[in-house]
Amino acid sequence: MREQDRPTLEDVAAFAGVSRSTASRALNDDAYVSAAAREKVQAAARDLGYSPNQAARSLVTRRTGAVAVVLSEPEARLLDDPYRTAVMRAGYRELADIDRQMVLIFSDTREDLSRTVRFLEGGHVDGVLVFAPHRADPLPKALRLLRIPVVFGGQAAGIKRGVHVVDFDNEGGARLAVEHLIAAGRTRIATIAGPQDQSAAIDRLSGWRKTLLDAGLDPADLSEEADFTLSGGAHAMTALLARRPDLDAVFVASDMMAVGALRTLHAAGRRIPAEVAVVSFDDNATLAPAMEPPLTSVHQDPREQVHAMVETLLQLLDDPDVKPAQRILPVSLTVRSSS
């Protein structure tokens, strides 16, 4: 169809028998339009095949119809991490379901930070969903200056108050994992912790330690830090076996690290779970059930987190004065053969 043949707003208004301004307000969901007029205008737009000019509509609504999803990690690690991949897929699906376009941004270096802030300040998106796990990351503080809504997935690095956060109960999930192992009769329960510059990893390590102490068990020499990668999990498991060959269980702070730990245990001739029980965190659908043996894992659903973040963002778009809050989502334990 040629541009001059496309139906215009004036055509819709005439077809519906209303003024141009009423038609415009009805198509932009203005509250000051009667239900009857809105229904007539929407029916006319459908019948005529009218599609509003997005640029012109943006001038009226001051909305772009786009939301940025910002992940503050090196690109290679993000694309290799099944959990972050699941977050990206969830972001796309949740935003598509409310007719919003997702703008995906990787922000790792100082140059990335400047470029990201300039883009977000430029009026290209209506709001931002941010995943910035590292405590030293300057991105969260930089984003506080933006004049558009920002919601964090996980604790905002270096910011204690005044931000909107949706997180999982990481410490509670670790407690579920360790309590399960204790109930199975395990007494020398090691952990492979995530990097201790990340809030989720800190909370999971804390949950492991507190649960052992509450049960009267000694956590000494039973923890090893890794980096949420497969190789990191393998190296940490090797170090734990060398230091504490008597360990009879291990709580691993992510499924990806657990894959590496399982490989090390198999190579060392340890039978799972007869000699060493393994519980991990994430319950990734493509990893945990596919391992040999299938992994018992703390279940957290990235789509549930992103859905809650989008809900918060929509509330902020309607009312920028919504009081900042931290929303902590519950987790559960999926028991499989590894424990």
# chains A, B, ... in the order shown; residues from 1 in each chain; ligands from 1
$ residues_around --residues "range 324-335 of chain A" --least-positions-apart "5" --cutoff "6 Å" --atoms "only C-alpha atoms" --output "list in words"
Gly162, Val163, His164, Val165, Val166, Asp167, Phe168, Asp169, Gly173, Thr296, Ser297, Val298, His299 and Gln300 of chain A
$ closest_residue --among "A:Ala193, A:Met291, A:Met237, A:Ile148" --to "Arg63 in chain A" --atoms "only C-alpha atoms"
A:Ile148
$ residues_around --residues "range 142-146 of chain A" --least-positions-apart "2" --cutoff "12 Å" --atoms "only C-alpha atoms" --output "PDB file with all heavy atoms, in the first residue's frame"
ATOM      1  N   VAL A  70      19.458  -4.489  30.605  1.00  0.00           N
ATOM      2  CA  VAL A  70      20.895  -4.247  30.701  1.00  0.00           C
ATOM      3  C   VAL A  70      21.527  -5.339  31.545  1.00  0.00           C
ATOM      4  O   VAL A  70      21.132  -5.553  32.694  1.00  0.00           O
ATOM      5  CB  VAL A  70      21.188  -2.862  31.316  1.00  0.00           C
ATOM      6  CG1 VAL A  70      22.692  -2.622  31.391  1.00  0.00           C
ATOM      7  CG2 VAL A  70      20.511  -1.759  30.501  1.00  0.00           C
ATOM      8  N   ARG A 110      34.269   0.499  31.102  1.00  0.00           N
ATOM      9  CA  ARG A 110      33.965   1.914  31.356  1.00  0.00           C
ATOM     10  C   ARG A 110      33.375   2.576  30.120  1.00  0.00           C
ATOM     11  O   ARG A 110      32.482   3.425  30.213  1.00  0.00           O
ATOM     12  CB  ARG A 110      35.243   2.647  31.778  1.00  0.00           C
ATOM     13  CG  ARG A 110      35.730   2.293  33.167  1.00  0.00           C
ATOM     14  CD  ARG A 110      34.932   3.006  34.227  1.00  0.00           C
ATOM     15  NE  ARG A 110      35.319   2.612  35.576  1.00  0.00           N
ATOM     16  CZ  ARG A 110      34.761   3.084  36.666  1.00  0.00           C
ATOM     17  NH1 ARG A 110      33.783   3.957  36.582  1.00  0.00           N
ATOM     18  NH2 ARG A 110      35.159   2.677  37.859  1.00  0.00           N
ATOM     19  N   LEU A 113      29.842   1.647  29.879  1.00  0.00           N
ATOM     20  CA  LEU A 113      29.042   2.380  30.860  1.00  0.00           C
ATOM     21  C   LEU A 113      28.641   3.746  30.331  1.00  0.00           C
ATOM     22  O   LEU A 113      27.462   4.127  30.369  1.00  0.00           O
ATOM     23  CB  LEU A 113      29.824   2.522  32.165  1.00  0.00           C
ATOM     24  CG  LEU A 113      29.185   3.390  33.250  1.00  0.00           C
ATOM     25  CD1 LEU A 113      27.866   2.785  33.721  1.00  0.00           C
ATOM     26  CD2 LEU A 113      30.144   3.570  34.431  1.00  0.00           C
ATOM     27  N   SER A 114      29.598   4.494  29.810  1.00  0.00           N
ATOM     28  CA  SER A 114      29.299   5.835  29.279  1.00  0.00           C
ATOM     29  C   SER A 114      28.309   5.752  28.123  1.00  0.00           C
ATOM     30  O   SER A 114      27.354   6.531  28.044  1.00  0.00           O
ATOM     31  CB  SER A 114      30.585   6.516  28.812  1.00  0.00           C
ATOM     32  OG  SER A 114      31.486   6.670  29.880  1.00  0.00           O
ATOM     33  N   ARG A 115      28.542   4.797  27.224  1.00  0.00           N
ATOM     34  CA  ARG A 115      27.670   4.644  26.069  1.00  0.00           C
ATOM     35  C   ARG A 115      26.255   4.237  26.493  1.00  0.00           C
ATOM     36  O   ARG A 115      25.259   4.736  25.960  1.00  0.00           O
ATOM     37  CB  ARG A 115      28.270   3.605  25.129  1.00  0.00           C
ATOM     38  CG  ARG A 115      27.544   3.442  23.805  1.00  0.00           C
ATOM     39  CD  ARG A 115      28.383   2.695  22.793  1.00  0.00           C
ATOM     40  NE  ARG A 115      28.887   1.430  23.327  1.00  0.00           N
ATOM     41  CZ  ARG A 115      30.169   1.187  23.591  1.00  0.00           C
ATOM     42  NH1 ARG A 115      31.077   2.124  23.398  1.00  0.00           N
ATOM     43  NH2 ARG A 115      30.544   0.004  24.058  1.00  0.00           N
ATOM     44  N   THR A 116      26.170   3.352  27.485  1.00  0.00           N
ATOM     45  CA  THR A 116      24.866   2.891  27.965  1.00  0.00           C
ATOM     46  C   THR A 116      24.079   4.033  28.588  1.00  0.00           C
ATOM     47  O   THR A 116      22.894   4.225  28.289  1.00  0.00           O
ATOM     48  CB  THR A 116      25.058   1.769  29.007  1.00  0.00           C
ATOM     49  OG1 THR A 116      25.684   0.646  28.375  1.00  0.00           O
ATOM     50  CG2 THR A 116      23.723   1.332  29.592  1.00  0.00           C
ATOM     51  N   VAL A 117      24.730   4.811  29.447  1.00  0.00           N
ATOM     52  CA  VAL A 117      24.040   5.916  30.110  1.00  0.00           C
ATOM     53  C   VAL A 117      23.589   6.953  29.083  1.00  0.00           C
ATOM     54  O   VAL A 117      22.464   7.463  29.148  1.00  0.00           O
ATOM     55  CB  VAL A 117      24.936   6.553  31.186  1.00  0.00           C
ATOM     56  CG1 VAL A 117      24.297   7.826  31.733  1.00  0.00           C
ATOM     57  CG2 VAL A 117      25.192   5.564  32.321  1.00  0.00           C
ATOM     58  N   ARG A 118      24.453   7.268  28.113  1.00  0.00           N
ATOM     59  CA  ARG A 118      24.057   8.229  27.069  1.00  0.00           C
ATOM     60  C   ARG A 118      22.838   7.739  26.304  1.00  0.00           C
ATOM     61  O   ARG A 118      21.911   8.510  26.025  1.00  0.00           O
ATOM     62  CB  ARG A 118      25.222   8.468  26.092  1.00  0.00           C
ATOM     63  CG  ARG A 118      26.335   9.333  26.629  1.00  0.00           C
ATOM     64  CD  ARG A 118      27.196   9.884  25.489  1.00  0.00           C
ATOM     65  NE  ARG A 118      27.688   8.832  24.610  1.00  0.00           N
ATOM     66  CZ  ARG A 118      28.821   8.162  24.791  1.00  0.00           C
ATOM     67  NH1 ARG A 118      29.572   8.429  25.851  1.00  0.00           N
ATOM     68  NH2 ARG A 118      29.211   7.239  23.933  1.00  0.00           N
ATOM     69  N   PHE A 119      22.826   6.453  25.964  1.00  0.00           N
ATOM     70  CA  PHE A 119      21.695   5.902  25.213  1.00  0.00           C
ATOM     71  C   PHE A 119      20.412   5.974  26.039  1.00  0.00           C
ATOM     72  O   PHE A 119      19.360   6.404  25.536  1.00  0.00           O
ATOM     73  CB  PHE A 119      21.991   4.448  24.825  1.00  0.00           C
ATOM     74  CG  PHE A 119      20.849   3.777  24.119  1.00  0.00           C
ATOM     75  CD1 PHE A 119      20.657   3.955  22.751  1.00  0.00           C
ATOM     76  CD2 PHE A 119      19.962   2.965  24.809  1.00  0.00           C
ATOM     77  CE1 PHE A 119      19.599   3.347  22.103  1.00  0.00           C
ATOM     78  CE2 PHE A 119      18.909   2.348  24.165  1.00  0.00           C
ATOM     79  CZ  PHE A 119      18.728   2.540  22.799  1.00  0.00           C
ATOM     80  N   LEU A 120      20.490   5.570  27.299  1.00  0.00           N
ATOM     81  CA  LEU A 120      19.299   5.551  28.132  1.00  0.00           C
ATOM     82  C   LEU A 120      18.789   6.951  28.433  1.00  0.00           C
ATOM     83  O   LEU A 120      17.587   7.163  28.608  1.00  0.00           O
ATOM     84  CB  LEU A 120      19.586   4.803  29.442  1.00  0.00           C
ATOM     85  CG  LEU A 120      19.943   3.315  29.281  1.00  0.00           C
ATOM     86  CD1 LEU A 120      20.316   2.713  30.623  1.00  0.00           C
ATOM     87  CD2 LEU A 120      18.792   2.540  28.647  1.00  0.00           C
ATOM     88  N   GLU A 121      19.690   7.919  28.486  1.00  0.00           N
ATOM     89  CA  GLU A 121      19.285   9.312  28.697  1.00  0.00           C
ATOM     90  C   GLU A 121      18.680   9.936  27.444  1.00  0.00           C
ATOM     91  O   GLU A 121      18.065  10.995  27.514  1.00  0.00           O
ATOM     92  CB  GLU A 121      20.489  10.157  29.136  1.00  0.00           C
ATOM     93  CG  GLU A 121      20.928   9.933  30.567  1.00  0.00           C
ATOM     94  CD  GLU A 121      22.142  10.774  30.924  1.00  0.00           C
ATOM     95  OE1 GLU A 121      22.916  11.093  29.997  1.00  0.00           O
ATOM     96  OE2 GLU A 121      22.317  11.099  32.111  1.00  0.00           O
ATOM     97  N   GLY A 122      18.862   9.277  26.305  1.00  0.00           N
ATOM     98  CA  GLY A 122      18.467   9.863  25.029  1.00  0.00           C
ATOM     99  C   GLY A 122      17.003   9.730  24.671  1.00  0.00           C
ATOM    100  O   GLY A 122      16.604  10.104  23.565  1.00  0.00           O
ATOM    101  N   GLY A 123      16.190   9.164  25.578  1.00  0.00           N
ATOM    102  CA  GLY A 123      14.762   9.053  25.308  1.00  0.00           C
ATOM    103  C   GLY A 123      14.389   7.913  24.379  1.00  0.00           C
ATOM    104  O   GLY A 123      13.320   7.919  23.785  1.00  0.00           O
ATOM    105  N   VAL A 125      14.066   4.664  25.308  1.00  0.00           N
ATOM    106  CA  VAL A 125      13.307   3.614  25.997  1.00  0.00           C
ATOM    107  C   VAL A 125      12.467   4.237  27.104  1.00  0.00           C
ATOM    108  O   VAL A 125      12.748   5.343  27.573  1.00  0.00           O
ATOM    109  CB  VAL A 125      14.234   2.528  26.582  1.00  0.00           C
ATOM    110  CG1 VAL A 125      14.993   1.794  25.480  1.00  0.00           C
ATOM    111  CG2 VAL A 125      15.204   3.126  27.595  1.00  0.00           C
ATOM    112  N   ASP A 126      11.430   3.486  27.531  1.00  0.00           N
ATOM    113  CA  ASP A 126      10.543   3.974  28.583  1.00  0.00           C
ATOM    114  C   ASP A 126      11.031   3.597  29.978  1.00  0.00           C
ATOM    115  O   ASP A 126      10.630   4.215  30.969  1.00  0.00           O
ATOM    116  CB  ASP A 126       9.136   3.414  28.389  1.00  0.00           C
ATOM    117  CG  ASP A 126       8.532   3.842  27.066  1.00  0.00           C
ATOM    118  OD1 ASP A 126       8.789   4.989  26.655  1.00  0.00           O
ATOM    119  OD2 ASP A 126       7.816   3.035  26.443  1.00  0.00           O
ATOM    120  N   GLY A 127      11.860   2.564  30.063  1.00  0.00           N
ATOM    121  CA  GLY A 127      12.337   2.109  31.360  1.00  0.00           C
ATOM    122  C   GLY A 127      13.459   1.111  31.188  1.00  0.00           C
ATOM    123  O   GLY A 127      13.800   0.726  30.064  1.00  0.00           O
ATOM    124  N   VAL A 128      14.034   0.668  32.314  1.00  0.00           N
ATOM    125  CA  VAL A 128      15.217  -0.181  32.274  1.00  0.00           C
ATOM    126  C   VAL A 128      15.081  -1.320  33.288  1.00  0.00           C
ATOM    127  O   VAL A 128      14.723  -1.078  34.450  1.00  0.00           O
ATOM    128  CB  VAL A 128      16.500   0.616  32.608  1.00  0.00           C
ATOM    129  CG1 VAL A 128      17.740  -0.209  32.284  1.00  0.00           C
ATOM    130  CG2 VAL A 128      16.533   1.949  31.862  1.00  0.00           C
ATOM    131  N   LEU A 129      15.387  -2.533  32.839  1.00  0.00           N
ATOM    132  CA  LEU A 129      15.528  -3.693  33.718  1.00  0.00           C
ATOM    133  C   LEU A 129      17.017  -4.017  33.776  1.00  0.00           C
ATOM    134  O   LEU A 129      17.639  -4.246  32.731  1.00  0.00           O
ATOM    135  CB  LEU A 129      14.743  -4.889  33.175  1.00  0.00           C
ATOM    136  CG  LEU A 129      13.267  -4.650  32.845  1.00  0.00           C
ATOM    137  CD1 LEU A 129      12.640  -5.929  32.287  1.00  0.00           C
ATOM    138  CD2 LEU A 129      12.496  -4.167  34.064  1.00  0.00           C
ATOM    139  N   VAL A 130      17.591  -4.048  34.964  1.00  0.00           N
ATOM    140  CA  VAL A 130      19.048  -4.127  35.111  1.00  0.00           C
ATOM    141  C   VAL A 130      19.459  -5.367  35.896  1.00  0.00           C
ATOM    142  O   VAL A 130      18.900  -5.651  36.957  1.00  0.00           O
ATOM    143  CB  VAL A 130      19.609  -2.881  35.828  1.00  0.00           C
ATOM    144  CG1 VAL A 130      21.133  -2.910  35.834  1.00  0.00           C
ATOM    145  CG2 VAL A 130      19.113  -1.609  35.176  1.00  0.00           C
ATOM    146  N   PHE A 131      20.453  -6.071  35.369  1.00  0.00           N
ATOM    147  CA  PHE A 131      21.089  -7.180  36.074  1.00  0.00           C
ATOM    148  C   PHE A 131      22.568  -6.824  36.208  1.00  0.00           C
ATOM    149  O   PHE A 131      23.330  -6.937  35.252  1.00  0.00           O
ATOM    150  CB  PHE A 131      20.904  -8.488  35.315  1.00  0.00           C
ATOM    151  CG  PHE A 131      19.466  -8.907  35.198  1.00  0.00           C
ATOM    152  CD1 PHE A 131      18.660  -8.417  34.181  1.00  0.00           C
ATOM    153  CD2 PHE A 131      18.903  -9.771  36.126  1.00  0.00           C
ATOM    154  CE1 PHE A 131      17.323  -8.779  34.074  1.00  0.00           C
ATOM    155  CE2 PHE A 131      17.570 -10.143  36.027  1.00  0.00           C
ATOM    156  CZ  PHE A 131      16.776  -9.644  35.005  1.00  0.00           C
ATOM    157  N   ALA A 132      22.948  -6.332  37.388  1.00  0.00           N
ATOM    158  CA  ALA A 132      24.324  -5.878  37.629  1.00  0.00           C
ATOM    159  C   ALA A 132      24.802  -6.504  38.929  1.00  0.00           C
ATOM    160  O   ALA A 132      24.733  -5.885  39.993  1.00  0.00           O
ATOM    161  CB  ALA A 132      24.385  -4.353  37.704  1.00  0.00           C
ATOM    162  N   ASP A 137      30.477  -2.777  40.740  1.00  0.00           N
ATOM    163  CA  ASP A 137      30.000  -2.284  39.444  1.00  0.00           C
ATOM    164  C   ASP A 137      29.486  -0.847  39.586  1.00  0.00           C
ATOM    165  O   ASP A 137      28.612  -0.575  40.407  1.00  0.00           O
ATOM    166  CB  ASP A 137      28.867  -3.199  38.955  1.00  0.00           C
ATOM    167  CG  ASP A 137      28.538  -2.987  37.486  1.00  0.00           C
ATOM    168  OD1 ASP A 137      28.769  -1.876  36.979  1.00  0.00           O
ATOM    169  OD2 ASP A 137      28.044  -3.928  36.854  1.00  0.00           O
ATOM    170  N   PRO A 138      30.000   0.102  38.787  1.00  0.00           N
ATOM    171  CA  PRO A 138      29.545   1.491  38.886  1.00  0.00           C
ATOM    172  C   PRO A 138      28.201   1.746  38.208  1.00  0.00           C
ATOM    173  O   PRO A 138      27.625   2.817  38.369  1.00  0.00           O
ATOM    174  CB  PRO A 138      30.658   2.269  38.167  1.00  0.00           C
ATOM    175  CG  PRO A 138      31.195   1.307  37.155  1.00  0.00           C
ATOM    176  CD  PRO A 138      31.106  -0.056  37.801  1.00  0.00           C
ATOM    177  N   LEU A 139      27.694   0.770  37.453  1.00  0.00           N
ATOM    178  CA  LEU A 139      26.474   0.991  36.671  1.00  0.00           C
ATOM    179  C   LEU A 139      25.266   1.368  37.533  1.00  0.00           C
ATOM    180  O   LEU A 139      24.570   2.347  37.215  1.00  0.00           O
ATOM    181  CB  LEU A 139      26.162  -0.245  35.824  1.00  0.00           C
ATOM    182  CG  LEU A 139      24.890  -0.175  34.964  1.00  0.00           C
ATOM    183  CD1 LEU A 139      25.020   0.915  33.902  1.00  0.00           C
ATOM    184  CD2 LEU A 139      24.605  -1.515  34.311  1.00  0.00           C
ATOM    185  N   PRO A 140      24.941   0.629  38.618  1.00  0.00           N
ATOM    186  CA  PRO A 140      23.746   0.990  39.389  1.00  0.00           C
ATOM    187  C   PRO A 140      23.739   2.433  39.869  1.00  0.00           C
ATOM    188  O   PRO A 140      22.711   3.114  39.784  1.00  0.00           O
ATOM    189  CB  PRO A 140      23.771  -0.003  40.556  1.00  0.00           C
ATOM    190  CG  PRO A 140      24.487  -1.190  40.010  1.00  0.00           C
ATOM    191  CD  PRO A 140      25.547  -0.611  39.116  1.00  0.00           C
ATOM    192  N   ILE A 148      14.082   8.038  33.983  1.00  0.00           N
ATOM    193  CA  ILE A 148      13.126   6.993  33.608  1.00  0.00           C
ATOM    194  C   ILE A 148      13.188   5.886  34.659  1.00  0.00           C
ATOM    195  O   ILE A 148      14.186   5.755  35.374  1.00  0.00           O
ATOM    196  CB  ILE A 148      13.417   6.421  32.204  1.00  0.00           C
ATOM    197  CG1 ILE A 148      14.847   5.882  32.125  1.00  0.00           C
ATOM    198  CG2 ILE A 148      13.168   7.473  31.130  1.00  0.00           C
ATOM    199  CD1 ILE A 148      15.165   5.211  30.797  1.00  0.00           C
ATOM    200  N   PRO A 149      12.124   5.072  34.776  1.00  0.00           N
ATOM    201  CA  PRO A 149      12.095   4.029  35.812  1.00  0.00           C
ATOM    202  C   PRO A 149      13.177   2.971  35.603  1.00  0.00           C
ATOM    203  O   PRO A 149      13.456   2.563  34.476  1.00  0.00           O
ATOM    204  CB  PRO A 149      10.700   3.419  35.650  1.00  0.00           C
ATOM    205  CG  PRO A 149       9.898   4.433  34.911  1.00  0.00           C
ATOM    206  CD  PRO A 149      10.852   5.156  34.025  1.00  0.00           C
ATOM    207  N   VAL A 150      13.772   2.536  36.712  1.00  0.00           N
ATOM    208  CA  VAL A 150      14.804   1.493  36.696  1.00  0.00           C
ATOM    209  C   VAL A 150      14.433   0.441  37.738  1.00  0.00           C
ATOM    210  O   VAL A 150      14.133   0.777  38.888  1.00  0.00           O
ATOM    211  CB  VAL A 150      16.197   2.064  37.013  1.00  0.00           C
ATOM    212  CG1 VAL A 150      17.240   0.947  37.032  1.00  0.00           C
ATOM    213  CG2 VAL A 150      16.585   3.144  36.002  1.00  0.00           C
ATOM    214  N   VAL A 151      14.446  -0.832  37.329  1.00  0.00           N
ATOM    215  CA  VAL A 151      14.180  -1.938  38.248  1.00  0.00           C
ATOM    216  C   VAL A 151      15.354  -2.908  38.173  1.00  0.00           C
ATOM    217  O   VAL A 151      15.794  -3.270  37.073  1.00  0.00           O
ATOM    218  CB  VAL A 151      12.868  -2.673  37.893  1.00  0.00           C
ATOM    219  CG1 VAL A 151      12.602  -3.799  38.898  1.00  0.00           C
ATOM    220  CG2 VAL A 151      11.694  -1.703  37.849  1.00  0.00           C
ATOM    221  N   PHE A 152      15.857  -3.323  39.335  1.00  0.00           N
ATOM    222  CA  PHE A 152      17.017  -4.208  39.395  1.00  0.00           C
ATOM    223  C   PHE A 152      16.594  -5.653  39.623  1.00  0.00           C
ATOM    224  O   PHE A 152      15.742  -5.934  40.470  1.00  0.00           O
ATOM    225  CB  PHE A 152      17.958  -3.768  40.518  1.00  0.00           C
ATOM    226  CG  PHE A 152      18.683  -2.489  40.233  1.00  0.00           C
ATOM    227  CD1 PHE A 152      18.153  -1.272  40.629  1.00  0.00           C
ATOM    228  CD2 PHE A 152      19.897  -2.500  39.554  1.00  0.00           C
ATOM    229  CE1 PHE A 152      18.815  -0.085  40.362  1.00  0.00           C
ATOM    230  CE2 PHE A 152      20.563  -1.316  39.278  1.00  0.00           C
ATOM    231  CZ  PHE A 152      20.025  -0.114  39.683  1.00  0.00           C
ATOM    232  N   ALA A 156      21.043  -4.280  44.097  1.00  0.00           N
ATOM    233  CA  ALA A 156      21.744  -3.246  43.345  1.00  0.00           C
ATOM    234  C   ALA A 156      23.109  -2.999  43.973  1.00  0.00           C
ATOM    235  O   ALA A 156      23.208  -2.648  45.143  1.00  0.00           O
ATOM    236  CB  ALA A 156      20.935  -1.952  43.324  1.00  0.00           C
ATOM    237  N   ALA A 157      24.162  -3.198  43.203  1.00  0.00           N
ATOM    238  CA  ALA A 157      25.520  -3.116  43.725  1.00  0.00           C
ATOM    239  C   ALA A 157      25.803  -1.747  44.339  1.00  0.00           C
ATOM    240  O   ALA A 157      25.640  -0.713  43.684  1.00  0.00           O
ATOM    241  CB  ALA A 157      26.520  -3.399  42.609  1.00  0.00           C
ATOM    242  N   GLY A 158      26.213  -1.761  45.608  1.00  0.00           N
ATOM    243  CA  GLY A 158      26.636  -0.530  46.265  1.00  0.00           C
ATOM    244  C   GLY A 158      25.523   0.413  46.666  1.00  0.00           C
ATOM    245  O   GLY A 158      25.774   1.511  47.129  1.00  0.00           O
ATOM    246  N   ILE A 159      24.245  -0.012  46.494  1.00  0.00           N
ATOM    247  CA  ILE A 159      23.116   0.848  46.849  1.00  0.00           C
ATOM    248  C   ILE A 159      22.232   0.095  47.831  1.00  0.00           C
ATOM    249  O   ILE A 159      21.752  -1.000  47.535  1.00  0.00           O
ATOM    250  CB  ILE A 159      22.286   1.246  45.607  1.00  0.00           C
ATOM    251  CG1 ILE A 159      23.175   1.931  44.573  1.00  0.00           C
ATOM    252  CG2 ILE A 159      21.144   2.162  46.018  1.00  0.00           C
ATOM    253  CD1 ILE A 159      22.453   2.246  43.289  1.00  0.00           C
ATOM    254  N   ARG A 161      19.478   1.622  49.634  1.00  0.00           N
ATOM    255  CA  ARG A 161      18.098   2.112  49.721  1.00  0.00           C
ATOM    256  C   ARG A 161      17.759   2.905  48.455  1.00  0.00           C
ATOM    257  O   ARG A 161      18.616   3.318  47.709  1.00  0.00           O
ATOM    258  CB  ARG A 161      17.926   3.031  50.939  1.00  0.00           C
ATOM    259  CG  ARG A 161      18.133   2.332  52.271  1.00  0.00           C
ATOM    260  CD  ARG A 161      17.862   3.261  53.450  1.00  0.00           C
ATOM    261  NE  ARG A 161      18.744   4.425  53.427  1.00  0.00           N
ATOM    262  CZ  ARG A 161      19.958   4.437  53.942  1.00  0.00           C
ATOM    263  NH1 ARG A 161      20.470   3.357  54.481  1.00  0.00           N
ATOM    264  NH2 ARG A 161      20.695   5.533  53.887  1.00  0.00           N
ATOM    265  N   GLY A 162      16.436   3.108  48.285  1.00  0.00           N
ATOM    266  CA  GLY A 162      15.973   4.013  47.243  1.00  0.00           C
ATOM    267  C   GLY A 162      15.901   3.421  45.856  1.00  0.00           C
ATOM    268  O   GLY A 162      15.779   4.169  44.875  1.00  0.00           O
ATOM    269  N   VAL A 163      15.960   2.081  45.727  1.00  0.00           N
ATOM    270  CA  VAL A 163      15.865   1.454  44.419  1.00  0.00           C
ATOM    271  C   VAL A 163      14.828   0.335  44.459  1.00  0.00           C
ATOM    272  O   VAL A 163      14.508  -0.205  45.523  1.00  0.00           O
ATOM    273  CB  VAL A 163      17.222   0.884  43.946  1.00  0.00           C
ATOM    274  CG1 VAL A 163      18.212   1.997  43.678  1.00  0.00           C
ATOM    275  CG2 VAL A 163      17.784  -0.091  44.965  1.00  0.00           C
ATOM    276  N   HIS A 164      14.328   0.003  43.287  1.00  0.00           N
ATOM    277  CA  HIS A 164      13.353  -1.076  43.145  1.00  0.00           C
ATOM    278  C   HIS A 164      14.101  -2.363  42.790  1.00  0.00           C
ATOM    279  O   HIS A 164      14.823  -2.404  41.792  1.00  0.00           O
ATOM    280  CB  HIS A 164      12.339  -0.734  42.063  1.00  0.00           C
ATOM    281  CG  HIS A 164      11.538   0.499  42.367  1.00  0.00           C
ATOM    282  ND1 HIS A 164      10.351   0.459  43.052  1.00  0.00           N
ATOM    283  CD2 HIS A 164      11.775   1.811  42.091  1.00  0.00           C
ATOM    284  CE1 HIS A 164       9.873   1.685  43.192  1.00  0.00           C
ATOM    285  NE2 HIS A 164      10.721   2.526  42.614  1.00  0.00           N
TER     286      HIS A 164
END
$ atom_distance --atom1 "CA of Ser107 in chain A" --atom2 "CA of Glu73 in chain A"
6.4 Å
$ residues_around --residues "Phe251 in chain A" --least-positions-apart "5" --cutoff "8 Å" --atoms "only C-alpha atoms" --output "MDAnalysis selection string"
chainID A and resid 174 177:178 189:192 208 278:280
$ atom_distance --atom1 "CA of Ala26 in chain A" --atom2 "CA of Gln101 in chain A"
22.3 Å
$ closest_residue --among "A:Gly260, A:Gly91, A:Gly172, A:Gly49" --to "Gly153 in chain A" --atoms "only C-alpha atoms"
A:Gly91
$ atom_distance --atom1 "CA of Leu287 in chain A" --atom2 "CA of Val259 in chain A"
8.1 Å
$ closest_residue --among "A:Glu75, A:Glu311, A:Asp301, A:Glu111" --to "Val87 in chain A" --atoms "only C-alpha atoms"
A:Asp301
$ residues_around --residues "range 35-42 of chain A" --least-positions-apart "2" --cutoff "7 Å" --atoms "only C-alpha atoms" --output "ChimeraX atom specification"
/A:12-13,16,23,26-27,33,44-46
$ write_last_selection --atoms "N, CA, C and O atoms" --output "mmCIF file, in the first residue's frame"
data_model
loop_
_atom_site.group_PDB
_atom_site.id
_atom_site.type_symbol
_atom_site.label_atom_id
_atom_site.label_comp_id
_atom_site.auth_asym_id
_atom_site.auth_seq_id
_atom_site.Cartn_x
_atom_site.Cartn_y
_atom_site.Cartn_z
ATOM 1 N N VAL A 12 -10.333 7.668 10.393
ATOM 2 C CA VAL A 12 -10.889 6.905 11.521
ATOM 3 C C VAL A 12 -11.942 7.734 12.242
ATOM 4 O O VAL A 12 -13.036 7.232 12.582
ATOM 5 N N ALA A 13 -11.615 9.006 12.501
ATOM 6 C CA ALA A 13 -12.556 9.875 13.209
ATOM 7 C C ALA A 13 -13.863 10.011 12.427
ATOM 8 O O ALA A 13 -14.960 9.915 13.009
ATOM 9 N N ALA A 16 -15.891 6.806 12.560
ATOM 10 C CA ALA A 16 -16.489 6.564 13.874
ATOM 11 C C ALA A 16 -17.502 7.639 14.256
ATOM 12 O O ALA A 16 -18.244 7.480 15.230
ATOM 13 N N ALA A 23 -10.798 10.831 18.619
ATOM 14 C CA ALA A 23 -10.213 9.613 18.049
ATOM 15 C C ALA A 23 -8.788 9.418 18.552
ATOM 16 O O ALA A 23 -8.379 8.306 18.902
ATOM 17 N N ALA A 26 -8.859 8.304 22.185
ATOM 18 C CA ALA A 26 -9.343 6.928 22.306
ATOM 19 C C ALA A 26 -8.254 5.925 21.937
ATOM 20 O O ALA A 26 -8.083 4.901 22.607
ATOM 21 N N LEU A 27 -7.493 6.208 20.886
ATOM 22 C CA LEU A 27 -6.442 5.289 20.444
ATOM 23 C C LEU A 27 -5.240 5.305 21.374
ATOM 24 O O LEU A 27 -4.431 4.368 21.367
ATOM 25 N N VAL A 33 -12.094 9.654 27.783
ATOM 26 C CA VAL A 33 -12.907 9.268 26.623
ATOM 27 C C VAL A 33 -13.929 8.240 27.101
ATOM 28 O O VAL A 33 -13.575 7.299 27.822
ATOM 29 N N ALA A 44 -13.550 1.308 14.280
ATOM 30 C CA ALA A 44 -13.267 1.983 13.008
ATOM 31 C C ALA A 44 -11.827 1.739 12.580
ATOM 32 O O ALA A 44 -11.542 1.495 11.398
ATOM 33 N N ALA A 45 -10.889 1.816 13.537
ATOM 34 C CA ALA A 45 -9.478 1.588 13.221
ATOM 35 C C ALA A 45 -9.265 0.165 12.700
ATOM 36 O O ALA A 45 -8.523 -0.046 11.735
ATOM 37 N N ARG A 46 -9.935 -0.800 13.313
ATOM 38 C CA ARG A 46 -9.808 -2.190 12.840
ATOM 39 C C ARG A 46 -10.391 -2.348 11.451
ATOM 40 O O ARG A 46 -9.788 -2.969 10.570
#
